[in-house]
Amino acid sequence: MCVDILTRLKLLPTLIPVLKLIETLVIMIPPFASDLLTAQTSANDAPHVSLFASSLAEIVAQQLAPPPINLKEKEKSKDPPSPWDRQKTRIGEAILDVLEALVWQVEPECVLRMTVLPSWAVKRALRLLVMFVVHKPLLRFLLGLYGPNGEKVPQYDLARVPLIQRLCGYLILSHRWASHTEIYEMASSIFAFFATLTEVHDDGTGLLVDSIWVIPSLIAFLAHSSARLFEEDDSIVNGGEEHQLLAVRSLFRASLLLWHTVRPGRDDAVDLRHQILQAAARDPVQFNGLHHLFILTFGRLSYADPPDWLSPELKDVVTKMAEFARDLLESVVEGPELDNIWEAYQQSDETDDGVTDEEEMARQMNMEVEDDD
C-alpha cells in the first residue's frame with residue numbers, strides 16, 4: 001500500500017529506502033514474502049492480482065521505460081545523448097533487489113503474482129544476455145558453472161541449467177502475456193543465445209542436447225508459431241509485411257537451430273524420438289502429447305505449400321525451411337507412417353478451404369496420441 005501511494009504521488013526518492021526496507025523484511029521474515037504478494041486493498045480486488053507487484057510494474061512502465069526515439073531527429077541532432085538518470089538507476093536496482101529476495105522466499109502458489117516486468121524490459125534483458133554470452137568467463141557464471149568467487153560448482157547438473165530452463169520457459173509460455181511481435185523478438189534473442197553458446201562454449205551443443213527443456217521447447221514453439229502461419233491467423237495475414245517477416249524468420253531460425261542441435265543423418269545424430277518421448281514423461285504438464293504435436297507440426301512444415309498471401313521472398317524461406325523439417329521428421333518416423341503423412345497433405349490440397357483439421361489429419365495418418373507409446 002505504501003509503495004502504491006508513493007508511486008501515485010511520484011515521490012520517487014522516498015521510494016528507494018522503502019523498497020530496501022521491504023527487501024530486508026522479505027529476507028529476515030520469509031512468510032512476509034507471500035503476505036506481501038497476496039495483500040489487497042479491498043475484497044473486490046482480483047484474487048490473482050498483486051497490488052505490490054502491480055505497483056512495481058507501474059514504476060517500471062512509467063519511470064524506467066526508455067523514451068521514444070525519433071531516428072530522423074536523432075540523426076540531425078549533434079548533441080550528445082543525455083546520461084541515464086542516476087535516480088532511475090537506483091530505483092531499478094532496488095526493484096531488482098526486492099524481486100530477487102522474493103524469488104527465494106515466496107510460496108509456490110504466489111509465484112505467478114511476480115510477473116511484473118513489462119515486455120520491453122524482458123526484450124532488452126535478452127538482448128543483453130546475447131552480448132554477455134560471447135565472453136567465455138562471463139558465460140561460465142551465467143550458466144552457474146562457477147560460483148561468485150570463481151570456484152567451480154561441484155556435481156553440476158548440465159541437464160538442468162537454470163538459465164537455459166528460464167529461456168525455454170519464454171519460448172513456450174510467452175504467448176500467454178506478450179504480443180506476437182514481442183514473442184518473435186524475444187525468441188530471436190533466445191535463438192541467438194543458444195546459437196552463440198554452441199560456438200563459444202567447448203560443449204555448447206552438448207548443453208543444448210543434454211538439457212531436458214531445449215529440444216521440447218523448440219518443438220512447442222514451432223508448433224504454436226507454425227499453426228498461426230498456416231492457419232492464417234488474422235494478426236499475421238493483416239499485420240503487414242514486417243509482421244509476416246518476423247513470423248517466418250522466427251520459424252526459420254527455430255527450425256534451423258533444432259536441425260543443427262539434432263544433426264539428423266549424421267553418425268552423432270541425436271535420438272530425437274527418444275528425446276520427445278522422454279520430455280512427455282519428465283514434464284507431462286508442458287509436454288504432454290509432444291510426439292503427436294511433432295508429427296502434425298513437422299508434417300505441415302515438410303509437405304504443406306507456403307500460404308498464398310506471403311510474398312515470393314517469404315515463400316522461398318518457407319520452402320527452404322521444409323528441407324530442415326523433412327530431415328527432422330524422417331529421423332522420427334519412416335516407411336508407411338511417413339507415406340501416410342505425405343498423402344494426408346496431398347489430400348488436404350484438394351479440399352475447398354485449403355485447411356485440414358488437425359484431428360482429421362491425425363485420423364488420416366492413423367497416429368493418435370495413445371499410439372505414440
# chains A, B, ... in the order shown; residues from 1 in each chain; ligands from 1
$ residues_around --residues "range 297-301 of chain A" --least-positions-apart "5" --cutoff "9 Å" --atoms "only C-alpha atoms" --output "number ranges by chain"
A: 219, 222-224, 226-227, 230, 292, 306, 318-319, 321-326, 328-329, 338, 341-342, 345
$ residues_around --residues "range 273-278 of chain A" --least-positions-apart "5" --cutoff "8 Å" --atoms "only C-alpha atoms" --output "PDB file with C-alpha atoms, in the first residue's frame"
ATOM      1  CA  ILE A 215      14.564 -29.606 -27.797  1.00  0.00           C
ATOM      2  CA  PRO A 216      10.983 -29.982 -26.451  1.00  0.00           C
ATOM      3  CA  LEU A 290       4.569 -33.812 -27.718  1.00  0.00           C
ATOM      4  CA  HIS A 291       5.139 -36.694 -30.148  1.00  0.00           C
ATOM      5  CA  SER A 331      14.565 -39.040 -38.111  1.00  0.00           C
ATOM      6  CA  VAL A 332      11.436 -39.812 -36.064  1.00  0.00           C
ATOM      7  CA  ASP A 373       3.870 -45.026 -26.546  1.00  0.00           C
TER       8      ASP A 373
END
$ residues_around --residues "Thr198 in chain A" --least-positions-apart "2" --cutoff "12 Å" --atoms "only C-alpha atoms" --output "list in words"
Val133, Val134, Lys136, Leu139, Phe191, Ala192, Phe193, Phe194, Ala195, Thr196, Val200, His201, Asp202, Asp203, Gly204, Thr205, Gly206, Leu207, Leu208, Val209, Leu257, His260 and Thr261 of chain A
$ write_last_selection --atoms "C-alpha atoms" --output "PDB file, in the first residue's frame"
ATOM      1  CA  VAL A 133      27.472 -14.898 -23.887  1.00  0.00           C
ATOM      2  CA  VAL A 134      30.352 -14.026 -26.222  1.00  0.00           C
ATOM      3  CA  LYS A 136      33.639 -17.073 -22.116  1.00  0.00           C
ATOM      4  CA  LEU A 139      29.321 -17.302 -19.691  1.00  0.00           C
ATOM      5  CA  PHE A 191      17.847 -18.438 -30.573  1.00  0.00           C
ATOM      6  CA  ALA A 192      20.878 -16.153 -30.908  1.00  0.00           C
ATOM      7  CA  PHE A 193      21.914 -17.006 -27.341  1.00  0.00           C
ATOM      8  CA  PHE A 194      21.678 -20.749 -27.972  1.00  0.00           C
ATOM      9  CA  ALA A 195      23.473 -20.496 -31.316  1.00  0.00           C
ATOM     10  CA  THR A 196      26.280 -18.402 -29.805  1.00  0.00           C
ATOM     11  CA  VAL A 200      31.661 -20.128 -27.584  1.00  0.00           C
ATOM     12  CA  HIS A 201      31.322 -22.962 -25.068  1.00  0.00           C
ATOM     13  CA  ASP A 202      33.523 -26.035 -25.509  1.00  0.00           C
ATOM     14  CA  ASP A 203      30.470 -28.268 -25.228  1.00  0.00           C
ATOM     15  CA  GLY A 204      27.734 -25.793 -26.148  1.00  0.00           C
ATOM     16  CA  THR A 205      25.861 -28.227 -28.382  1.00  0.00           C
ATOM     17  CA  GLY A 206      26.088 -30.848 -25.640  1.00  0.00           C
ATOM     18  CA  LEU A 207      24.474 -28.400 -23.203  1.00  0.00           C
ATOM     19  CA  LEU A 208      21.508 -27.972 -25.557  1.00  0.00           C
ATOM     20  CA  VAL A 209      21.188 -31.705 -26.216  1.00  0.00           C
ATOM     21  CA  LEU A 257      18.590 -24.316 -34.551  1.00  0.00           C
ATOM     22  CA  HIS A 260      21.820 -28.101 -36.004  1.00  0.00           C
ATOM     23  CA  THR A 261      21.209 -29.409 -32.482  1.00  0.00           C
TER      24      THR A 261
END
$ closest_residue --among "A:Asp157, A:Arg266, A:Leu145, A:Ile22" --to "Ala94 in chain A" --atoms "only C-alpha atoms"
A:Ile22
$ atom_distance --atom1 "CA of Leu246 in chain A" --atom2 "CA of Val214 in chain A"
21.3 Å
$ residues_around --residues "Gly92 in chain A" --least-positions-apart "2" --cutoff "10 Å" --atoms "only C-alpha atoms" --output "list in words"
Ile16, Leu56, Ile59, Val60, Gln63, Leu64, Arg86, Gln87, Lys88, Thr89, Arg90, Ala94, Ile95, Leu96 and Asp97 of chain A
$ write_last_selection --atoms "N, CA, C and O atoms" --output "mmCIF file, in the first residue's frame"
data_model
loop_
_atom_site.group_PDB
_atom_site.id
_atom_site.type_symbol
_atom_site.label_atom_id
_atom_site.label_comp_id
_atom_site.auth_asym_id
_atom_site.auth_seq_id
_atom_site.Cartn_x
_atom_site.Cartn_y
_atom_site.Cartn_z
ATOM 1 N N ILE A 16 12.908 4.626 -2.711
ATOM 2 C CA ILE A 16 14.090 3.762 -2.669
ATOM 3 C C ILE A 16 14.321 3.166 -1.277
ATOM 4 O O ILE A 16 14.461 1.948 -1.138
ATOM 5 N N LEU A 56 4.999 -2.126 -8.637
ATOM 6 C CA LEU A 56 6.339 -2.218 -9.219
ATOM 7 C C LEU A 56 6.271 -2.130 -10.741
ATOM 8 O O LEU A 56 7.103 -1.468 -11.376
ATOM 9 N N ILE A 59 5.849 1.414 -11.792
ATOM 10 C CA ILE A 59 7.099 2.171 -11.692
ATOM 11 C C ILE A 59 7.977 1.901 -12.908
ATOM 12 O O ILE A 59 8.518 2.821 -13.530
ATOM 13 N N VAL A 60 8.111 0.634 -13.244
ATOM 14 C CA VAL A 60 8.955 0.259 -14.376
ATOM 15 C C VAL A 60 8.413 0.867 -15.663
ATOM 16 O O VAL A 60 9.153 1.426 -16.469
ATOM 17 N N GLN A 63 8.414 5.089 -15.189
ATOM 18 C CA GLN A 63 9.614 5.804 -14.806
ATOM 19 C C GLN A 63 10.896 5.277 -15.454
ATOM 20 O O GLN A 63 11.852 6.022 -15.642
ATOM 21 N N LEU A 64 10.913 3.972 -15.774
ATOM 22 C CA LEU A 64 12.149 3.369 -16.255
ATOM 23 C C LEU A 64 12.136 3.034 -17.735
ATOM 24 O O LEU A 64 13.157 2.631 -18.284
ATOM 25 N N ARG A 86 20.675 8.965 -12.618
ATOM 26 C CA ARG A 86 21.189 8.118 -11.545
ATOM 27 C C ARG A 86 20.065 7.645 -10.619
ATOM 28 O O ARG A 86 20.083 6.530 -10.113
ATOM 29 N N GLN A 87 19.079 8.499 -10.405
ATOM 30 C CA GLN A 87 17.966 8.124 -9.537
ATOM 31 C C GLN A 87 17.193 6.947 -10.117
ATOM 32 O O GLN A 87 16.797 6.025 -9.394
ATOM 33 N N LYS A 88 17.007 6.968 -11.436
ATOM 34 C CA LYS A 88 16.303 5.859 -12.075
ATOM 35 C C LYS A 88 17.106 4.567 -11.947
ATOM 36 O O LYS A 88 16.548 3.478 -11.787
ATOM 37 N N THR A 89 18.422 4.704 -12.040
ATOM 38 C CA THR A 89 19.273 3.534 -11.872
ATOM 39 C C THR A 89 19.080 2.935 -10.485
ATOM 40 O O THR A 89 18.955 1.719 -10.325
ATOM 41 N N ARG A 90 19.065 3.786 -9.455
ATOM 42 C CA ARG A 90 18.906 3.312 -8.085
ATOM 43 C C ARG A 90 17.534 2.673 -7.880
ATOM 44 O O ARG A 90 17.408 1.672 -7.168
ATOM 45 N N ALA A 94 16.851 -1.190 -6.880
ATOM 46 C CA ALA A 94 16.044 -1.524 -5.705
ATOM 47 C C ALA A 94 14.926 -2.497 -6.057
ATOM 48 O O ALA A 94 14.627 -3.429 -5.302
ATOM 49 N N ILE A 95 14.299 -2.294 -7.220
ATOM 50 C CA ILE A 95 13.233 -3.202 -7.654
ATOM 51 C C ILE A 95 13.785 -4.599 -7.897
ATOM 52 O O ILE A 95 13.200 -5.608 -7.470
ATOM 53 N N LEU A 96 14.913 -4.678 -8.573
ATOM 54 C CA LEU A 96 15.520 -5.990 -8.832
ATOM 55 C C LEU A 96 15.947 -6.674 -7.539
ATOM 56 O O LEU A 96 15.801 -7.896 -7.392
ATOM 57 N N ASP A 97 16.451 -5.904 -6.576
ATOM 58 C CA ASP A 97 16.832 -6.485 -5.282
ATOM 59 C C ASP A 97 15.619 -7.088 -4.575
ATOM 60 O O ASP A 97 15.705 -8.180 -3.996
#
$ atom_distance --atom1 "CA of Glu330 in chain A" --atom2 "CA of Asp267 in chain A"
15.0 Å
$ decode --residues "range 306-322 of chain A" --atoms "all heavy atoms" --output "PDB file, in the first residue's frame"
ATOM      1  N   PRO A 306       3.510 -23.232 -49.003  1.00  0.00           N
ATOM      2  CA  PRO A 306       3.525 -21.947 -48.290  1.00  0.00           C
ATOM      3  C   PRO A 306       2.209 -21.212 -48.499  1.00  0.00           C
ATOM      4  O   PRO A 306       1.598 -21.318 -49.572  1.00  0.00           O
ATOM      5  CB  PRO A 306       4.691 -21.195 -48.949  1.00  0.00           C
ATOM      6  CG  PRO A 306       5.550 -22.254 -49.558  1.00  0.00           C
ATOM      7  CD  PRO A 306       4.605 -23.344 -49.977  1.00  0.00           C
ATOM      8  N   PRO A 307       1.732 -20.481 -47.515  1.00  0.00           N
ATOM      9  CA  PRO A 307       0.494 -19.709 -47.670  1.00  0.00           C
ATOM     10  C   PRO A 307       0.559 -18.781 -48.880  1.00  0.00           C
ATOM     11  O   PRO A 307       1.590 -18.153 -49.141  1.00  0.00           O
ATOM     12  CB  PRO A 307       0.406 -18.918 -46.361  1.00  0.00           C
ATOM     13  CG  PRO A 307       1.166 -19.740 -45.366  1.00  0.00           C
ATOM     14  CD  PRO A 307       2.291 -20.359 -46.136  1.00  0.00           C
ATOM     15  N   ASP A 308      -0.548 -18.690 -49.624  1.00  0.00           N
ATOM     16  CA  ASP A 308      -0.585 -17.893 -50.850  1.00  0.00           C
ATOM     17  C   ASP A 308      -0.356 -16.410 -50.600  1.00  0.00           C
ATOM     18  O   ASP A 308       0.131 -15.697 -51.489  1.00  0.00           O
ATOM     19  CB  ASP A 308      -1.936 -18.082 -51.547  1.00  0.00           C
ATOM     20  CG  ASP A 308      -2.097 -19.504 -52.072  1.00  0.00           C
ATOM     21  OD1 ASP A 308      -1.068 -20.165 -52.323  1.00  0.00           O
ATOM     22  OD2 ASP A 308      -3.255 -19.957 -52.211  1.00  0.00           O
ATOM     23  N   TRP A 309      -0.707 -15.932 -49.415  1.00  0.00           N
ATOM     24  CA  TRP A 309      -0.659 -14.497 -49.153  1.00  0.00           C
ATOM     25  C   TRP A 309       0.739 -14.004 -48.762  1.00  0.00           C
ATOM     26  O   TRP A 309       0.938 -12.809 -48.589  1.00  0.00           O
ATOM     27  CB  TRP A 309      -1.660 -14.118 -48.060  1.00  0.00           C
ATOM     28  CG  TRP A 309      -1.725 -15.086 -46.931  1.00  0.00           C
ATOM     29  CD1 TRP A 309      -2.523 -16.184 -46.821  1.00  0.00           C
ATOM     30  CD2 TRP A 309      -0.912 -15.069 -45.747  1.00  0.00           C
ATOM     31  NE1 TRP A 309      -2.281 -16.844 -45.640  1.00  0.00           N
ATOM     32  CE2 TRP A 309      -1.295 -16.181 -44.961  1.00  0.00           C
ATOM     33  CE3 TRP A 309       0.077 -14.217 -45.273  1.00  0.00           C
ATOM     34  CZ2 TRP A 309      -0.714 -16.465 -43.728  1.00  0.00           C
ATOM     35  CZ3 TRP A 309       0.664 -14.492 -44.050  1.00  0.00           C
ATOM     36  CH2 TRP A 309       0.263 -15.605 -43.290  1.00  0.00           C
ATOM     37  N   LEU A 310       1.687 -14.915 -48.644  1.00  0.00           N
ATOM     38  CA  LEU A 310       3.052 -14.489 -48.362  1.00  0.00           C
ATOM     39  C   LEU A 310       3.711 -13.938 -49.624  1.00  0.00           C
ATOM     40  O   LEU A 310       3.364 -14.324 -50.741  1.00  0.00           O
ATOM     41  CB  LEU A 310       3.886 -15.670 -47.842  1.00  0.00           C
ATOM     42  CG  LEU A 310       3.611 -16.164 -46.422  1.00  0.00           C
ATOM     43  CD1 LEU A 310       4.484 -17.377 -46.123  1.00  0.00           C
ATOM     44  CD2 LEU A 310       3.863 -15.063 -45.393  1.00  0.00           C
ATOM     45  N   SER A 311       4.690 -13.065 -49.446  1.00  0.00           N
ATOM     46  CA  SER A 311       5.442 -12.544 -50.582  1.00  0.00           C
ATOM     47  C   SER A 311       6.299 -13.653 -51.177  1.00  0.00           C
ATOM     48  O   SER A 311       6.589 -14.658 -50.505  1.00  0.00           O
ATOM     49  CB  SER A 311       6.342 -11.396 -50.120  1.00  0.00           C
ATOM     50  OG  SER A 311       7.363 -11.887 -49.255  1.00  0.00           O
ATOM     51  N   PRO A 312       6.714 -13.528 -52.434  1.00  0.00           N
ATOM     52  CA  PRO A 312       7.562 -14.561 -53.044  1.00  0.00           C
ATOM     53  C   PRO A 312       8.839 -14.830 -52.246  1.00  0.00           C
ATOM     54  O   PRO A 312       9.281 -15.977 -52.140  1.00  0.00           O
ATOM     55  CB  PRO A 312       7.887 -13.969 -54.428  1.00  0.00           C
ATOM     56  CG  PRO A 312       6.737 -13.060 -54.728  1.00  0.00           C
ATOM     57  CD  PRO A 312       6.340 -12.477 -53.410  1.00  0.00           C
ATOM     58  N   GLU A 313       9.424 -13.774 -51.660  1.00  0.00           N
ATOM     59  CA  GLU A 313      10.644 -13.957 -50.878  1.00  0.00           C
ATOM     60  C   GLU A 313      10.384 -14.806 -49.641  1.00  0.00           C
ATOM     61  O   GLU A 313      11.182 -15.701 -49.310  1.00  0.00           O
ATOM     62  CB  GLU A 313      11.215 -12.594 -50.460  1.00  0.00           C
ATOM     63  CG  GLU A 313      11.733 -11.740 -51.603  1.00  0.00           C
ATOM     64  CD  GLU A 313      10.606 -11.039 -52.373  1.00  0.00           C
ATOM     65  OE1 GLU A 313       9.460 -11.033 -51.873  1.00  0.00           O
ATOM     66  OE2 GLU A 313      10.890 -10.515 -53.472  1.00  0.00           O
ATOM     67  N   LEU A 314       9.268 -14.540 -48.947  1.00  0.00           N
ATOM     68  CA  LEU A 314       8.961 -15.310 -47.737  1.00  0.00           C
ATOM     69  C   LEU A 314       8.529 -16.732 -48.080  1.00  0.00           C
ATOM     70  O   LEU A 314       8.791 -17.668 -47.313  1.00  0.00           O
ATOM     71  CB  LEU A 314       7.872 -14.604 -46.926  1.00  0.00           C
ATOM     72  CG  LEU A 314       8.280 -13.272 -46.292  1.00  0.00           C
ATOM     73  CD1 LEU A 314       7.145 -12.683 -45.475  1.00  0.00           C
ATOM     74  CD2 LEU A 314       9.521 -13.450 -45.413  1.00  0.00           C
ATOM     75  N   LYS A 315       7.894 -16.913 -49.235  1.00  0.00           N
ATOM     76  CA  LYS A 315       7.565 -18.270 -49.676  1.00  0.00           C
ATOM     77  C   LYS A 315       8.840 -19.088 -49.887  1.00  0.00           C
ATOM     78  O   LYS A 315       8.881 -20.286 -49.564  1.00  0.00           O
ATOM     79  CB  LYS A 315       6.746 -18.231 -50.966  1.00  0.00           C
ATOM     80  CG  LYS A 315       5.300 -17.807 -50.790  1.00  0.00           C
ATOM     81  CD  LYS A 315       4.561 -17.834 -52.113  1.00  0.00           C
ATOM     82  CE  LYS A 315       3.113 -17.418 -51.953  1.00  0.00           C
ATOM     83  NZ  LYS A 315       2.385 -17.418 -53.246  1.00  0.00           N
ATOM     84  N   ASP A 316       9.869 -18.443 -50.425  1.00  0.00           N
ATOM     85  CA  ASP A 316      11.142 -19.138 -50.625  1.00  0.00           C
ATOM     86  C   ASP A 316      11.744 -19.563 -49.284  1.00  0.00           C
ATOM     87  O   ASP A 316      12.336 -20.641 -49.171  1.00  0.00           O
ATOM     88  CB  ASP A 316      12.133 -18.222 -51.362  1.00  0.00           C
ATOM     89  CG  ASP A 316      11.750 -18.003 -52.820  1.00  0.00           C
ATOM     90  OD1 ASP A 316      10.959 -18.818 -53.348  1.00  0.00           O
ATOM     91  OD2 ASP A 316      12.237 -17.026 -53.425  1.00  0.00           O
ATOM     92  N   VAL A 317      11.598 -18.710 -48.263  1.00  0.00           N
ATOM     93  CA  VAL A 317      12.116 -19.055 -46.936  1.00  0.00           C
ATOM     94  C   VAL A 317      11.366 -20.264 -46.374  1.00  0.00           C
ATOM     95  O   VAL A 317      11.976 -21.186 -45.813  1.00  0.00           O
ATOM     96  CB  VAL A 317      11.985 -17.860 -45.974  1.00  0.00           C
ATOM     97  CG1 VAL A 317      12.433 -18.259 -44.562  1.00  0.00           C
ATOM     98  CG2 VAL A 317      12.815 -16.683 -46.465  1.00  0.00           C
ATOM     99  N   VAL A 318      10.045 -20.277 -46.524  1.00  0.00           N
ATOM    100  CA  VAL A 318       9.238 -21.405 -46.036  1.00  0.00           C
ATOM    101  C   VAL A 318       9.623 -22.685 -46.777  1.00  0.00           C
ATOM    102  O   VAL A 318       9.705 -23.768 -46.180  1.00  0.00           O
ATOM    103  CB  VAL A 318       7.736 -21.105 -46.198  1.00  0.00           C
ATOM    104  CG1 VAL A 318       6.890 -22.332 -45.825  1.00  0.00           C
ATOM    105  CG2 VAL A 318       7.339 -19.917 -45.327  1.00  0.00           C
ATOM    106  N   THR A 319       9.867 -22.577 -48.080  1.00  0.00           N
ATOM    107  CA  THR A 319      10.276 -23.743 -48.875  1.00  0.00           C
ATOM    108  C   THR A 319      11.632 -24.263 -48.408  1.00  0.00           C
ATOM    109  O   THR A 319      11.844 -25.485 -48.302  1.00  0.00           O
ATOM    110  CB  THR A 319      10.339 -23.377 -50.366  1.00  0.00           C
ATOM    111  OG1 THR A 319       9.052 -22.922 -50.794  1.00  0.00           O
ATOM    112  CG2 THR A 319      10.752 -24.580 -51.200  1.00  0.00           C
ATOM    113  N   LYS A 320      12.558 -23.354 -48.130  1.00  0.00           N
ATOM    114  CA  LYS A 320      13.869 -23.760 -47.620  1.00  0.00           C
ATOM    115  C   LYS A 320      13.734 -24.428 -46.258  1.00  0.00           C
ATOM    116  O   LYS A 320      14.411 -25.424 -45.960  1.00  0.00           O
ATOM    117  CB  LYS A 320      14.783 -22.543 -47.532  1.00  0.00           C
ATOM    118  CG  LYS A 320      16.162 -22.826 -46.950  1.00  0.00           C
ATOM    119  CD  LYS A 320      16.968 -23.784 -47.814  1.00  0.00           C
ATOM    120  CE  LYS A 320      18.352 -23.997 -47.264  1.00  0.00           C
ATOM    121  NZ  LYS A 320      19.130 -24.985 -48.058  1.00  0.00           N
ATOM    122  N   MET A 321      12.859 -23.896 -45.433  1.00  0.00           N
ATOM    123  CA  MET A 321      12.639 -24.450 -44.101  1.00  0.00           C
ATOM    124  C   MET A 321      12.105 -25.879 -44.171  1.00  0.00           C
ATOM    125  O   MET A 321      12.370 -26.701 -43.294  1.00  0.00           O
ATOM    126  CB  MET A 321      11.661 -23.549 -43.328  1.00  0.00           C
ATOM    127  CG  MET A 321      11.369 -23.986 -41.909  1.00  0.00           C
ATOM    128  SD  MET A 321      10.507 -22.679 -40.990  1.00  0.00           S
ATOM    129  CE  MET A 321       9.156 -22.273 -42.117  1.00  0.00           C
ATOM    130  N   ALA A 322      11.358 -26.182 -45.224  1.00  0.00           N
ATOM    131  CA  ALA A 322      10.808 -27.525 -45.389  1.00  0.00           C
ATOM    132  C   ALA A 322      11.911 -28.575 -45.482  1.00  0.00           C
ATOM    133  O   ALA A 322      11.704 -29.730 -45.081  1.00  0.00           O
ATOM    134  CB  ALA A 322       9.915 -27.570 -46.630  1.00  0.00           C
TER     135      ALA A 322
END
